Structures are given as structure tokens and as C-alpha cells.
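Colleague: This is entry36.txt (compact mmCIF, C-alpha atoms).
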# COMPACT_ATOMS: atom_id res chain seq x y z
CA MET A 1 18.08 -17.26 2.58
CA LYS A 2 16.29 -17.63 5.89
CA ILE A 3 12.63 -16.65 6.15
CA ILE A 4 11.54 -15.52 9.61
CA SER A 5 8.05 -14.43 10.63
CA GLY A 6 8.32 -14.32 14.42
CA ILE A 7 9.57 -11.23 16.22
CA LYS A 8 11.45 -13.14 18.91
CA ASP A 9 13.01 -15.43 16.29
CA MET A 10 14.23 -12.39 14.37
CA GLN A 11 15.72 -10.83 17.51
CA ILE A 12 17.48 -14.10 18.39
CA GLU A 13 18.96 -14.31 14.90
CA ALA A 14 20.07 -10.67 14.99
CA LYS A 15 21.81 -11.13 18.34
CA LYS A 16 23.50 -14.26 17.00
CA GLN A 17 24.89 -12.30 14.05
CA MET A 18 26.05 -9.53 16.40
CA LYS A 19 27.94 -12.04 18.54
CA LEU A 20 29.67 -13.30 15.41
CA GLY A 21 30.86 -9.76 14.76
CA HIS A 22 28.70 -9.37 11.67
CA SER A 23 27.35 -5.98 10.70
CA ILE A 24 23.65 -6.02 9.88
CA ALA A 25 22.07 -4.05 7.07
CA PHE A 26 18.32 -3.54 7.00
CA VAL A 27 16.10 -2.87 3.99
CA PRO A 28 12.50 -2.28 5.14
CA THR A 29 9.85 -2.67 2.42
CA MET A 30 6.12 -3.15 1.96
CA GLY A 31 6.80 -5.83 -0.63
CA PHE A 32 5.86 -6.15 -4.29
CA LEU A 33 9.56 -5.68 -4.94
CA HIS A 34 10.99 -3.85 -7.92
CA GLU A 35 14.40 -2.63 -9.07
CA GLY A 36 14.35 0.21 -6.57
CA HIS A 37 14.20 -2.22 -3.67
CA ILE A 38 16.87 -4.41 -5.23
CA SER A 39 19.19 -1.40 -5.57
CA LEU A 40 18.92 -0.90 -1.79
CA VAL A 41 20.00 -4.52 -1.27
CA GLU A 42 22.95 -4.02 -3.61
CA ALA A 43 24.07 -0.94 -1.67
CA ALA A 44 23.62 -2.79 1.62
CA ARG A 45 25.70 -5.78 0.52
CA LYS A 46 28.67 -3.55 -0.26
CA GLN A 47 28.89 -2.25 3.32
CA ASN A 48 27.73 -5.11 5.56
CA HIS A 49 28.07 -8.80 6.32
CA ILE A 50 24.34 -9.61 6.60
CA VAL A 51 21.36 -8.11 4.75
CA VAL A 52 17.92 -8.33 6.34
CA MET A 53 14.87 -7.32 4.31
CA SER A 54 11.42 -6.95 5.82
CA VAL A 55 8.14 -7.25 3.94
CA PHE A 56 5.31 -5.69 5.91
CA VAL A 57 2.37 -3.66 4.65
CA ASN A 58 1.94 -1.37 7.62
CA PRO A 59 -1.72 -0.56 8.34
CA LEU A 60 -0.84 2.37 10.60
CA GLN A 61 0.39 4.49 7.70
CA PHE A 62 -2.78 4.12 5.61
CA GLY A 63 -5.71 6.47 6.10
CA PRO A 64 -9.35 5.29 6.11
CA ASN A 65 -9.85 6.09 2.42
CA GLU A 66 -6.46 4.88 1.19
CA ASP A 67 -5.43 1.70 -0.58
CA PHE A 68 -4.33 -0.64 2.24
CA ASP A 69 -6.60 -3.50 1.17
CA ARG A 70 -5.64 -3.35 -2.49
CA TYR A 71 -1.98 -2.54 -2.00
CA PRO A 72 -0.20 -5.08 -4.27
CA ARG A 73 1.06 -8.17 -2.45
CA ASP A 74 2.91 -11.21 -3.80
CA ILE A 75 5.07 -12.78 -1.11
CA LYS A 76 6.19 -15.75 -3.24
CA ARG A 77 7.47 -13.39 -5.91
CA ASP A 78 9.10 -11.25 -3.24
CA GLU A 79 10.85 -14.32 -1.81
CA GLU A 80 12.30 -15.19 -5.22
CA LEU A 81 13.49 -11.67 -5.94
CA ALA A 82 14.99 -11.26 -2.46
CA ARG A 83 16.84 -14.56 -2.77
CA GLU A 84 18.19 -13.64 -6.21
CA ALA A 85 19.34 -10.24 -4.91
CA GLY A 86 21.37 -11.86 -2.14
CA VAL A 87 19.19 -11.11 0.89
CA ASP A 88 20.32 -13.26 3.83
CA ILE A 89 17.19 -13.00 5.97
CA LEU A 90 13.65 -12.15 4.87
CA PHE A 91 11.57 -10.97 7.82
CA TYR A 92 7.87 -11.33 7.09
CA PRO A 93 5.88 -10.52 10.26
CA HIS A 94 2.11 -10.70 10.52
CA VAL A 95 0.03 -7.69 11.48
CA SER A 96 -1.36 -9.53 14.51
CA GLU A 97 2.13 -9.96 15.92
CA MET A 98 3.36 -6.47 15.13
CA TYR A 99 0.27 -4.88 16.69
CA PRO A 100 -1.25 -7.49 19.03
CA ASP A 101 -3.07 -5.26 21.53
CA ASP A 102 -4.07 -1.69 22.15
CA ARG A 103 -0.85 0.27 22.49
CA THR A 104 0.01 2.08 25.70
CA THR A 105 2.37 4.43 23.84
CA THR A 106 1.97 6.28 20.57
CA LEU A 107 4.45 8.26 18.48
CA THR A 108 3.61 11.66 17.06
CA VAL A 109 5.92 13.32 14.55
CA ASN A 110 5.88 17.08 15.08
CA ARG A 111 8.21 18.42 12.40
CA ARG A 112 8.80 17.79 8.70
CA VAL A 113 5.25 16.47 8.28
CA ASP A 114 3.10 19.58 7.72
CA THR A 115 3.88 19.69 4.00
CA LEU A 116 4.15 17.39 0.96
CA CYS A 117 2.42 14.05 1.59
CA GLY A 118 2.10 14.74 5.30
CA GLU A 119 -0.23 17.68 4.76
CA SER A 120 -2.94 15.61 3.06
CA ARG A 121 -2.30 12.40 5.02
CA PRO A 122 -2.64 13.24 8.72
CA GLY A 123 -1.17 10.53 10.91
CA HIS A 124 0.65 8.86 8.01
CA PHE A 125 4.13 9.61 9.29
CA ASP A 126 3.13 8.74 12.86
CA GLY A 127 2.48 5.26 11.44
CA VAL A 128 5.75 5.26 9.53
CA ALA A 129 7.73 6.32 12.59
CA THR A 130 6.02 3.69 14.74
CA VAL A 131 6.69 0.76 12.44
CA VAL A 132 10.26 1.83 11.67
CA LEU A 133 11.14 2.18 15.35
CA LYS A 134 9.60 -1.24 16.06
CA LEU A 135 11.50 -2.82 13.18
CA PHE A 136 14.76 -1.27 14.34
CA GLN A 137 14.21 -2.83 17.78
CA ILE A 138 13.51 -6.21 16.19
CA VAL A 139 16.20 -6.38 13.49
CA LEU A 140 18.88 -4.48 15.48
CA PRO A 141 20.65 -3.18 12.35
CA ASP A 142 23.86 -1.20 12.10
CA ARG A 143 22.61 0.55 8.95
CA ALA A 144 19.20 0.98 7.33
CA TYR A 145 18.71 1.75 3.64
CA PHE A 146 15.91 3.93 2.29
CA GLY A 147 15.17 5.13 -1.22
CA LEU A 148 14.98 8.86 -1.78
CA LYS A 149 11.82 8.55 -3.87
CA ASP A 150 10.07 9.22 -0.58
CA ALA A 151 12.50 11.88 0.58
CA GLN A 152 10.06 13.15 3.20
CA GLN A 153 10.07 9.71 4.78
CA VAL A 154 13.87 9.75 4.84
CA ALA A 155 13.82 13.17 6.52
CA VAL A 156 11.29 12.00 9.14
CA ILE A 157 13.20 8.80 9.92
CA THR A 158 16.48 10.69 10.16
CA GLY A 159 14.84 12.96 12.73
CA LEU A 160 13.42 9.95 14.59
CA VAL A 161 16.86 8.36 14.89
CA GLU A 162 18.41 11.61 16.08
CA ASP A 163 15.64 12.35 18.60
CA PHE A 164 15.72 8.90 20.23
CA ASN A 165 19.47 8.27 19.86
CA VAL A 166 18.81 5.08 17.91
CA PRO A 167 22.19 3.50 17.05
CA VAL A 168 21.36 3.01 13.37
CA GLU A 169 23.02 4.78 10.45
CA ILE A 170 20.41 5.93 7.91
CA VAL A 171 21.69 5.48 4.36
CA PRO A 172 19.67 7.39 1.71
CA CYS A 173 19.89 5.82 -1.76
CA PRO A 174 19.20 7.35 -5.19
CA ILE A 175 15.87 7.01 -6.96
CA ILE A 176 15.77 4.18 -9.50
CA ARG A 177 13.96 5.10 -12.68
CA GLU A 178 12.49 3.58 -15.82
CA SER A 179 14.18 4.32 -19.14
CA ASP A 180 11.87 7.34 -19.65
CA GLY A 181 12.59 8.72 -16.19
CA LEU A 182 9.52 7.51 -14.29
CA ALA A 183 10.45 6.63 -10.71
CA LYS A 184 10.00 2.93 -9.94
CA SER A 185 6.98 2.35 -7.73
CA SER A 186 4.72 -0.53 -6.77
CA ARG A 187 1.78 1.71 -7.67
CA ASN A 188 2.87 2.15 -11.30
CA VAL A 189 0.93 -1.01 -12.18
CA TYR A 190 -2.31 0.94 -11.66
CA LEU A 191 -1.60 3.42 -14.48
CA THR A 192 -3.53 3.17 -17.72
CA PRO A 193 -1.45 3.19 -20.95
CA SER A 194 -2.14 6.89 -21.55
CA GLU A 195 -1.37 7.74 -17.93
CA ARG A 196 1.83 5.72 -18.09
CA SER A 197 2.94 7.79 -21.07
CA ASP A 198 2.12 11.05 -19.29
CA ALA A 199 3.73 9.99 -16.03
CA SER A 200 7.22 10.62 -17.39
CA GLU A 201 6.42 14.34 -17.17
CA LEU A 202 6.99 14.15 -13.41
CA SER A 203 10.68 13.49 -13.87
CA ASN A 204 10.90 15.82 -16.89
CA SER A 205 9.56 18.70 -14.81
CA LEU A 206 12.04 18.00 -12.03
CA ARG A 207 14.91 17.83 -14.48
CA ALA A 208 13.87 21.23 -15.84
CA ALA A 209 13.81 22.61 -12.30
CA LYS A 210 17.31 21.36 -11.59
CA GLU A 211 18.61 22.84 -14.83
CA ALA A 212 17.04 26.20 -13.99
CA VAL A 213 18.67 26.25 -10.55
CA ASN A 214 22.02 25.22 -12.00
CA ASN A 215 21.66 28.04 -14.55
CA GLY A 216 21.22 30.60 -11.78
CA GLU A 217 17.52 30.76 -10.95
CA SER A 218 17.35 31.45 -7.21
CA THR A 219 13.67 32.19 -6.62
CA ALA A 220 11.64 29.30 -5.26
CA HIS A 221 8.38 30.69 -6.65
CA GLU A 222 9.75 30.74 -10.20
CA ILE A 223 10.93 27.13 -9.93
CA LYS A 224 7.51 26.12 -8.64
CA LYS A 225 5.77 27.87 -11.56
CA LEU A 226 8.08 26.14 -14.03
CA VAL A 227 7.28 22.68 -12.65
CA GLU A 228 3.54 23.35 -12.47
CA SER A 229 3.44 24.48 -16.10
CA LYS A 230 4.98 21.22 -17.26
CA LEU A 231 2.79 19.02 -15.07
CA GLN A 232 -0.37 20.69 -16.37
CA GLU A 233 0.30 18.92 -19.67
CA THR A 234 -0.49 15.52 -18.07
CA VAL A 235 -3.91 13.87 -17.70
CA GLY A 236 -3.32 13.67 -13.95
CA THR A 237 -4.34 16.19 -11.31
CA ILE A 238 -1.56 18.04 -9.50
CA ASP A 239 -1.69 17.35 -5.77
CA TYR A 240 1.29 19.52 -4.90
CA VAL A 241 4.44 21.14 -6.20
CA GLU A 242 6.79 22.36 -3.50
CA VAL A 243 10.26 23.87 -3.26
CA LEU A 244 11.53 23.45 0.31
CA SER A 245 14.69 23.31 2.37
CA TYR A 246 16.03 19.80 2.90
CA PRO A 247 15.91 17.91 5.21
CA GLU A 248 14.04 20.45 7.37
CA LEU A 249 11.25 20.79 4.75
CA LYS A 250 10.62 24.45 5.47
CA GLN A 251 9.18 27.02 3.08
CA ILE A 252 11.81 29.22 1.42
CA GLU A 253 11.78 32.22 -0.89
CA THR A 254 15.39 32.26 -2.03
CA ILE A 255 17.39 29.18 -2.92
CA ASP A 256 20.57 29.49 -0.86
CA GLU A 257 20.71 26.07 0.85
CA ASP A 258 20.07 22.39 0.10
CA ILE A 259 16.57 22.09 -1.33
CA ILE A 260 14.04 19.56 -2.51
CA VAL A 261 11.70 20.08 -5.44
CA ALA A 262 8.88 17.61 -4.87
CA VAL A 263 5.72 16.76 -6.78
CA ALA A 264 2.65 14.56 -6.38
CA VAL A 265 0.16 13.85 -9.17
CA GLN A 266 -3.10 11.95 -8.82
CA PHE A 267 -4.01 9.71 -11.74
CA SER A 268 -7.24 7.72 -11.96
CA ALA A 269 -6.10 4.85 -9.70
CA ALA A 270 -2.61 5.85 -8.55
CA ARG A 271 -1.03 8.80 -6.80
CA LEU A 272 2.60 9.21 -7.87
CA ILE A 273 5.31 11.17 -6.08
CA ASP A 274 8.76 12.21 -7.24
CA ASN A 275 11.45 14.67 -6.29
CA VAL A 276 14.92 16.00 -6.92
CA ILE A 277 17.26 17.14 -4.16
CA ILE A 278 19.64 19.92 -5.16
CA THR A 279 22.60 20.60 -2.90
CA ARG A 280 24.67 23.75 -2.68
CA SER A 281 27.84 21.70 -2.89
CA GLY A 282 26.69 20.03 -6.08
CA ILE A 283 27.16 16.61 -4.47
CA PRO A 284 23.86 14.66 -4.66
CA ILE A 285 22.44 13.33 -1.39
CA GLY A 286 22.33 9.56 -1.39
CA VAL A 287 25.17 8.96 -3.81
Please go through the file and, once you have read it, give me the structure as C-alpha cells.
Modeller:
Amino acid sequence: MKIISGIKDMQIEAKKQMKLGHSIAFVPTMGFLHEGHISLVEAARKQNHIVVMSVFVNPLQFGPNEDFDRYPRDIKRDEELAREAGVDILFYPHVSEMYPDDRTTTLTVNRRVDTLCGESRPGHFDGVATVVLKLFQIVLPDRAYFGLKDAQQVAVITGLVEDFNVPVEIVPCPIIRESDGLAKSSRNVYLTPSERSDASELSNSLRAAKEAVNNGESTAHEIKKLVESKLQETVGTIDYVEVLSYPELKQIETIDEDIIVAVAVQFSAARLIDNVIITRSGIPIGV
């Protein structure tokens, strides 16, 4: 596995692989890898010749009172896990190179961001869109793999690619969960034992929502009430419960299209998100 930190070096390597006729898969991460990240690598290896993973904790997507400074970092561990997973190139840029000077251009995301995490984190998805577009220009991938745990991010990036005609195929991948259903997340390490036990209610509530829809419930408000009632049993504080169209993320009253049921719960030192996407065809998105 090659480890590259320079932007120009990464672009040179990407162009070299392109000349060899190799398809490039890209798995962008903020590090502190877990099974969810590894599952993206596994999906990428099945469809491409070369897998590039980036590890970059992007300051632009953290607000002033968020956890940028204490976001978990362990690059040596990440290197080992990436190598074991079969990553060909690990791109590990420094903040000073990614954002060296005051920018002359900024990106503003106008749609799909006024709800869910975007509502309480103004500017967050502007930062996500900025770093993803920069990384696409550096890695030059054919396909990019994103986990659906942050389905709003997938929706925003899909819109970004469509708006700017970026020649990258976005591949959404299923959420990877613990044995009790908790979605894998780098922030899970901040849960206390009692919170960790309660956290499984996020996935339990979403499973109940999916069962209700499959059994004929077609009112978004009723699904929202069902999920809220289950989450109130946890020690965490509900940030939001939403039932929206997907990927447009618009408010709906009647469930007659692809939807997302999404939740966020604030525990003492970690804010957890989870979701389930329910399609009219019955075919899960990302599978």
C-alpha cells in the first residue's frame, strides 16, 4: 500500500493509473476506521482495479462548538486497517495543504440541507461539498463509495455531482451495524455503558417504522409518532425524528414515494444519527 500526503503526488499517481487503464475507486473518510469503512473498501474492490482511501478530518464541516479538536484520530491504526482491507493507496493530506490560503471561491448547498443535521449545523454541508469536490479533483476516481448512515450526506453529494457534471459514479452502501443493531460510528466510543445499552433503541425504532410502513401505514405523522415514542425510552435527548422524501428530503404527509426515516439523539458526549430508507419498489437503496 502506498501512502501519499501531497496533493500533486496523488494527482500524478491517479493519472498514472488512468493511463494504465485502471479504474479508480475512492473511499473518503475522516479516519478512526471501523467495519463500516472497511465494508466500503470491500465493495470498491469488487468493481475497480485500484482503491484509494483518504483520511482527512475536514475542519470546514465542524461548527465552532463542535468536536473537531477531540474527533478521534489514530493514523497508525488506520494505516494497518487500510492495508489489511486491501487499500492500494492511502491519501493522508494535511489541513495546511488542503486549505493553504483564503479561498476565492466558496460552495453553498441550497437544497437538501434545511432539515435533519443540516438544520442545526448551518454551513456543515457547505464544508462537506467543498472537501468532497476538492478530493474528487485530486483523486480523479471513477466511482466513490459512501455509507448510507449519513444518508443526507449521500443526497447532498449526489446533487453536487449532478449539478457540476462531475464524472464520478456515487455508490451508496448499506449501514454496517453492531450485533444489537447500533450503527457503526467513530463517535460510539464516547458512549457510557448505560448509554451504549440504550443506543440500540435508535435502530429498534427504525425497524418498527419500516414494519409499520410495510404493514400499510401511509401517514408520515403516525410513523414519526411511533419512532418518537420508542426513542423517549432512552437516556438520550431526541434531536430530531423526520419522515421525508428521498433523496430530495422534502416534508411529506402521505407515504407514496421513496422515503427516509431519520433520527438523531444526543447523549452526554456523543450525538448519534441513524436512518432507514424505504423504497416503493421494495429494493433497498445501496444494496
Colleague: Determine the nearest neighbour of Lys16 of chain A from the options A:Ile75, A:Ala212, A:Ile50, A:Val263, counting only C-alpha atoms.
Modeller: A:Ile50
Colleague: Using only C-alpha atoms, what does the table of segment 19-40 of chain A residues within 12 Å of segment 109-131 of chain A look like, with each row giving the shortest atom pair and its distance in Å to one decimal, sorted by chain and ascending number, as JSON lines?
Modeller:
{"residue": "A:Pro28", "atom": "CA", "partner": "A:Val131", "partner_atom": "CA", "distance": 9.8}
{"residue": "A:Thr29", "atom": "CA", "partner": "A:Val131", "partner_atom": "CA", "distance": 11.1}
{"residue": "A:Met30", "atom": "CA", "partner": "A:Val131", "partner_atom": "CA", "distance": 11.2}
Colleague: Of the candidates A:Ala262, A:Ile278, A:Ile157, A:Leu140, which shows the shortest atom-to-atom distance to Ile12 of chain A, using only C-alpha atoms?
Modeller: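 Smallest separation from Ile12 of chain A among the options: A:Leu140.
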Colleague: Extract, using all atoms listed in the file, all DNA, RNA and protein residues at most 10 Å from Phe267 of chain A, discarding same-chain residues fewer than 6 positions from it, and format them as number ranges by chain.
Modeller: A: 190-192, 195-196, 198-199, 234-239
Colleague: Between A:Glu248, A:Gln11, A:Lys46, A:Val276, which is the closest to Gly159 of chain A once you count only C-alpha atoms?
Modeller: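 Smallest distance to Gly159 of chain A is found for A:Glu248.
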Colleague: Pick the closest to Gly181 of chain A from A:Arg73, A:His34, A:Lys230, A:Arg207: which is it, counting only C-alpha atoms?
Modeller: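 Once distances to Gly181 of chain A are computed over only C-alpha atoms, the minimum belongs to A:Arg207.
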Colleague: Here's a test: counting all atoms listed in the file, identify every protein, DNA and RNA residue with an atom at most 12 Å from (8.3, -9.7, 8.3) in the file's coordinate frame, and state them as a PyMOL selection string.
Modeller: chain A and resi 2-11+26-31+52-58+75+78-79+89-98+131+134-135+138-139
Colleague: At a cut-off of 9 Å around the point (27.9, -3.7, 12.3) (file coordinates), what residues fall inside when counting only C-alpha atoms? I'd like the answer as a PyMOL selection string.
Modeller: chain A and resi 18+21-25+48-50+141-143
Colleague: In Å to one decimal, how far is atom CA of Leu160 of chain A from atom CA of Glu242 of chain A?
Modeller: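 Pair atom CA of Glu242 of chain A / atom CA of Leu160 of chain A returns 22.9 Å.
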Colleague: Quick one: of A:Tyr99, A:Phe68, A:Phe146, A:Phe32, who's nearest to Glu80 of chain A, counting only C-alpha atoms?
Modeller: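 For Glu80 of chain A, the nearest of the candidates is A:Phe32.
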Colleague: Taking only C-alpha atoms into account, name the residue in A:Ile170, A:Val243, A:Ile273, A:Ile255 that is nearest to Glu217 of chain A.
Modeller: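 Going through A:Ile170, A:Val243, A:Ile273, A:Ile255 one by one, the smallest distance to Glu217 of chain A is for A:Ile255.
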Colleague: One decimal, in Å: what's the spacing between atom CA of Pro59 of chain A and atom CA of Pro167 of chain A?
Modeller: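 Calculated distance between atom CA of Pro59 of chain A and atom CA of Pro167 of chain A is 25.8 Å.
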Colleague: State, in Å with one decimal place, the distance from atom CA of Cys173 of chain A to atom CA of Leu148 of chain A.
Modeller: 5.8 Å
